[in-house]
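**Student:** Below are the structure tokens for one structure; questions will follow.
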Amino acid sequence: MKAYRIIHTAANITAFGLLGAMLIYFLFSYEGLPERIGVHFSAVDGQLDVYSYKIFGFYPFVMGFGLLGIFSLLSLAVKKIKKLGLKITEKGDTVFRCTAVLLLDLIKLLWAVFFSFWTYCIVHQTGMGDGTPLDIFRVFFIILLLSMPVIFSEIQVRYRSEPRQSGNADDAELPEKKRKLFKIQHTAANIIAFGSLGAMLVYFLLSYGGLPERIGIHFGSEGNFDVYSYKVFGFYPFAAGFGLLLIFSLLTIAVKKIKHIGISTDKQGEQLIRMIITEALDGLKLIWAAFFSVWSYCVIRQTGLPMMFVGIITFIFLALFPVTVIEIAVTARGHRTKDNKEKDNDNITGN
């Protein structure tokens, strides 16, 4: 606990201190700046893309200190909340809380560095660049986000408090409450996915008569139209969208019906793994439904595809696969069959 307090305190001092030092640096440089300066950077190449009055140079501090404040409140909530709702031991609860706080501290440090660098670039009126600085930040942030479910899952497995049933423990079913919650989530995901794309199809049909004969139907790498054709091809996002939703639905049925998943776990573990895969497929449905819904909206309105939205969707899409694999691996480890556990113990003892 002593080491935790030292690291936690040092991280907060560093995060707030770094951003505070850059605020002082900005204040000293304020008078020397022209009346209108670049205050925002393009997400594509990192160059200044928004110019305004220099008073808006305080923007990174508003955002930076705001985020640090939010994460500090989250840290406080993690410390003070009485019950986390996890079936782990008292020691596990302490480890979980400390780990969560330290991860939040790491996020604070990342944002403090990011907005400090932003301020430096504003003061010197230079681009952030699309190379090393931004790439390093993105890589660290992605690694951190992907590692969080692994760390928390490992803690729950290692410090699990619920006693394993004796006798036929490997054949025990998941609690009815958990299965019911999963069914609700699964149903809701499907309703949202098919419903959103269906609603956009209705909107497109109602707007079809008012569209010109030739419209933009496809977008280039910068989000602008790069293919124009007859408006009947405006149905493309629906064909692709509903096609993918159908494929994922068939895969979901296969996951439910297949007899053996090829992973040696107890019955609860097998059920959980099936749920994880189904949830991942539901996630893919939601991702593609959102993507093609926005695509169809842009076709109807004949406007470019928002690249920030594309970036967010791409990140979620790429993160979904490793997170799913990690969840399956952790679940399989925590729900090994009794025979496998005995084999592991024999290997450890050398028998």
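Order determines the names: the first chain of the structure tokens is A, the second B, and so forth; residues in each chain are numbered 1 upward, and ligands are numbered 1 upward as they are shown.
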Quick one: residues within 12 Å of segment 195-207 of chain A, only C-alpha atoms, excluding same-chain residues fewer than 6 positions away - as an MDAnalysis selection string?
**Tutor:** chainID A and resid 187:189 231:245 285:302
**Student:** Can you pull out the residues contacting Val150 of chain A? Cut-off 9 Å, using only C-alpha atoms, and skip same-chain residues under 3 positions away; I want them as a ChimeraX atom specification.
**Tutor:** /A:146-147,153-155,323,326-327,330
**Student:** What separation in Å, quoted to one decimal, exists between atom CA of Tyr4 of chain A and atom CA of Glu90 of chain A?
**Tutor:**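 Atom CA of Glu90 of chain A lies at a distance of 16.9 Å from atom CA of Tyr4 of chain A.
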**Student:** Residues at most 7 Å from Tyr53 of chain A, counting only C-alpha atoms, excluding those fewer than 6 positions away in the same chain, as a list in words?
**Tutor:** Glu35, Arg36 and Ile37 of chain A
**Student:** Please determine, counting only C-alpha atoms, which residue among A:Leu181, A:Leu145, A:Val310, A:Val123 has the shortest atom-to-atom distance to Phe28 of chain A.
**Tutor:** A:Val123
**Student:** Tell me, as a PyMOL selection string, which residues lie within 12 Å of Val113 of chain A, counting only C-alpha atoms; anything in the same chain fewer than 4 positions away does not count.
**Tutor:** chain A and resi 11+14-22+60-61+64-65+68+106-109+117-120+133-134+136-137+140-141
**Student:** So that I can see what lies close to Ile328 of chain A, please list as a ChimeraX atom specification the residues with an atom at most 12 Å from it, counting only C-alpha atoms and leaving out residues fewer than 3 positions away in the same chain.
**Tutor:** /A:149-150,153-154,261-265,269-280,321-325,331-335
**Student:** Could you save those same residues with N, CA and C atoms as a JSON list (two decimals), in the first residue's frame?
**Tutor:**
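Saved result, part35.json, follows:
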```json
[["chain", "number", "residue", "atom", "x", "y", "z"],
["A", 149, "PRO", "N", -9.03, -4.52, -19.70],
["A", 149, "PRO", "CA", -9.86, -5.71, -19.46],
["A", 149, "PRO", "C", -9.06, -6.95, -19.08],
["A", 150, "VAL", "N", -7.83, -7.04, -19.61],
["A", 150, "VAL", "CA", -6.98, -8.18, -19.26],
["A", 150, "VAL", "C", -6.62, -8.14, -17.79],
["A", 153, "SER", "N", -9.73, -8.67, -15.53],
["A", 153, "SER", "CA", -10.19, -10.07, -15.60],
["A", 153, "SER", "C", -9.26, -10.99, -14.83],
["A", 154, "GLU", "N", -7.97, -10.73, -14.95],
["A", 154, "GLU", "CA", -6.98, -11.55, -14.24],
["A", 154, "GLU", "C", -7.15, -11.42, -12.73],
["A", 261, "ILE", "N", -16.94, -26.41, -28.38],
["A", 261, "ILE", "CA", -16.27, -25.18, -28.77],
["A", 261, "ILE", "C", -14.75, -25.36, -28.89],
["A", 262, "GLY", "N", -14.26, -26.53, -28.53],
["A", 262, "GLY", "CA", -12.84, -26.82, -28.69],
["A", 262, "GLY", "C", -11.96, -26.29, -27.58],
["A", 263, "ILE", "N", -12.56, -25.84, -26.48],
["A", 263, "ILE", "CA", -11.79, -25.34, -25.33],
["A", 263, "ILE", "C", -12.21, -26.14, -24.11],
["A", 264, "SER", "N", -11.23, -26.66, -23.39],
["A", 264, "SER", "CA", -11.52, -27.51, -22.24],
["A", 264, "SER", "C", -11.84, -26.67, -21.01],
["A", 265, "THR", "N", -13.13, -26.50, -20.75],
["A", 265, "THR", "CA", -13.59, -25.76, -19.57],
["A", 265, "THR", "C", -14.77, -26.49, -18.95],
["A", 269, "GLY", "N", -17.89, -22.24, -17.87],
["A", 269, "GLY", "CA", -16.90, -21.62, -18.75],
["A", 269, "GLY", "C", -17.32, -21.70, -20.20],
["A", 270, "GLU", "N", -17.86, -22.86, -20.59],
["A", 270, "GLU", "CA", -18.32, -23.02, -21.97],
["A", 270, "GLU", "C", -19.46, -22.05, -22.28],
["A", 271, "GLN", "N", -20.39, -21.92, -21.33],
["A", 271, "GLN", "CA", -21.51, -21.00, -21.53],
["A", 271, "GLN", "C", -21.02, -19.55, -21.62],
["A", 272, "LEU", "N", -20.06, -19.21, -20.77],
["A", 272, "LEU", "CA", -19.52, -17.85, -20.79],
["A", 272, "LEU", "C", -18.80, -17.55, -22.10],
["A", 273, "ILE", "N", -18.04, -18.52, -22.59],
["A", 273, "ILE", "CA", -17.32, -18.32, -23.84],
["A", 273, "ILE", "C", -18.29, -18.15, -25.01],
["A", 274, "ARG", "N", -19.35, -18.94, -25.00],
["A", 274, "ARG", "CA", -20.38, -18.77, -26.04],
["A", 274, "ARG", "C", -21.00, -17.37, -25.95],
["A", 275, "MET", "N", -21.22, -16.91, -24.73],
["A", 275, "MET", "CA", -21.77, -15.56, -24.54],
["A", 275, "MET", "C", -20.80, -14.49, -25.05],
["A", 276, "ILE", "N", -19.52, -14.66, -24.74],
["A", 276, "ILE", "CA", -18.51, -13.69, -25.16],
["A", 276, "ILE", "C", -18.47, -13.58, -26.68],
["A", 277, "ILE", "N", -18.47, -14.73, -27.35],
["A", 277, "ILE", "CA", -18.43, -14.73, -28.82],
["A", 277, "ILE", "C", -19.70, -14.10, -29.38],
["A", 278, "THR", "N", -20.84, -14.44, -28.78],
["A", 278, "THR", "CA", -22.11, -13.86, -29.23],
["A", 278, "THR", "C", -22.13, -12.35, -29.04],
["A", 279, "GLU", "N", -21.61, -11.90, -27.89],
["A", 279, "GLU", "CA", -21.55, -10.46, -27.63],
["A", 279, "GLU", "C", -20.63, -9.76, -28.63],
["A", 280, "ALA", "N", -19.53, -10.44, -29.00],
["A", 280, "ALA", "CA", -18.63, -9.86, -29.99],
["A", 280, "ALA", "C", -19.33, -9.74, -31.35],
["A", 321, "PHE", "N", -11.56, -7.33, -31.51],
["A", 321, "PHE", "CA", -10.98, -8.66, -31.70],
["A", 321, "PHE", "C", -10.02, -9.06, -30.59],
["A", 322, "PRO", "N", -8.99, -8.24, -30.29],
["A", 322, "PRO", "CA", -8.10, -8.65, -29.19],
["A", 322, "PRO", "C", -8.79, -8.72, -27.85],
["A", 323, "VAL", "N", -9.73, -7.82, -27.60],
["A", 323, "VAL", "CA", -10.46, -7.85, -26.32],
["A", 323, "VAL", "C", -11.25, -9.15, -26.20],
["A", 324, "THR", "N", -11.88, -9.57, -27.29],
["A", 324, "THR", "CA", -12.65, -10.82, -27.27],
["A", 324, "THR", "C", -11.75, -12.02, -27.02],
["A", 325, "VAL", "N", -10.62, -12.06, -27.70],
["A", 325, "VAL", "CA", -9.68, -13.18, -27.52],
["A", 325, "VAL", "C", -9.17, -13.22, -26.09],
["A", 331, "THR", "N", -11.33, -16.35, -19.36],
["A", 331, "THR", "CA", -12.47, -17.18, -18.93],
["A", 331, "THR", "C", -12.09, -18.65, -18.93],
["A", 332, "ALA", "N", -11.40, -19.08, -19.98],
["A", 332, "ALA", "CA", -10.98, -20.48, -20.06],
["A", 332, "ALA", "C", -10.04, -20.83, -18.92],
["A", 333, "ARG", "N", -9.17, -19.89, -18.57],
["A", 333, "ARG", "CA", -8.23, -20.13, -17.47],
["A", 333, "ARG", "C", -8.95, -20.23, -16.13],
["A", 334, "GLY", "N", -9.96, -19.40, -15.96],
["A", 334, "GLY", "CA", -10.68, -19.39, -14.69],
["A", 334, "GLY", "C", -11.71, -20.49, -14.54],
["A", 335, "HIS", "N", -12.02, -21.18, -15.63],
["A", 335, "HIS", "CA", -13.04, -22.24, -15.59],
["A", 335, "HIS", "C", -12.51, -23.55, -16.13]]
```
**Student:** Could you jot down the atom CA of Val50 of chain A to atom CA of Ile24 of chain A separation for me, Å, one decimal place?
**Tutor:**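 Spanning atom CA of Val50 of chain A to atom CA of Ile24 of chain A is a straight-line distance of 23.2 Å.
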**Student:** According to DSSP computed on the backbone, where in segment 193-351 of chain A is there strand (DSSP E)? Give the residues as a PyMOL selection string.
**Tutor:** chain A and resi 214-219+225-230
**Student:** Compare A:Ile88, A:Ile192, A:Ile122, A:Leu73 by their minimum atom-to-atom distance to Tyr25 of chain A, counting only C-alpha atoms, and give me the closest one.
**Tutor:** A:Ile122
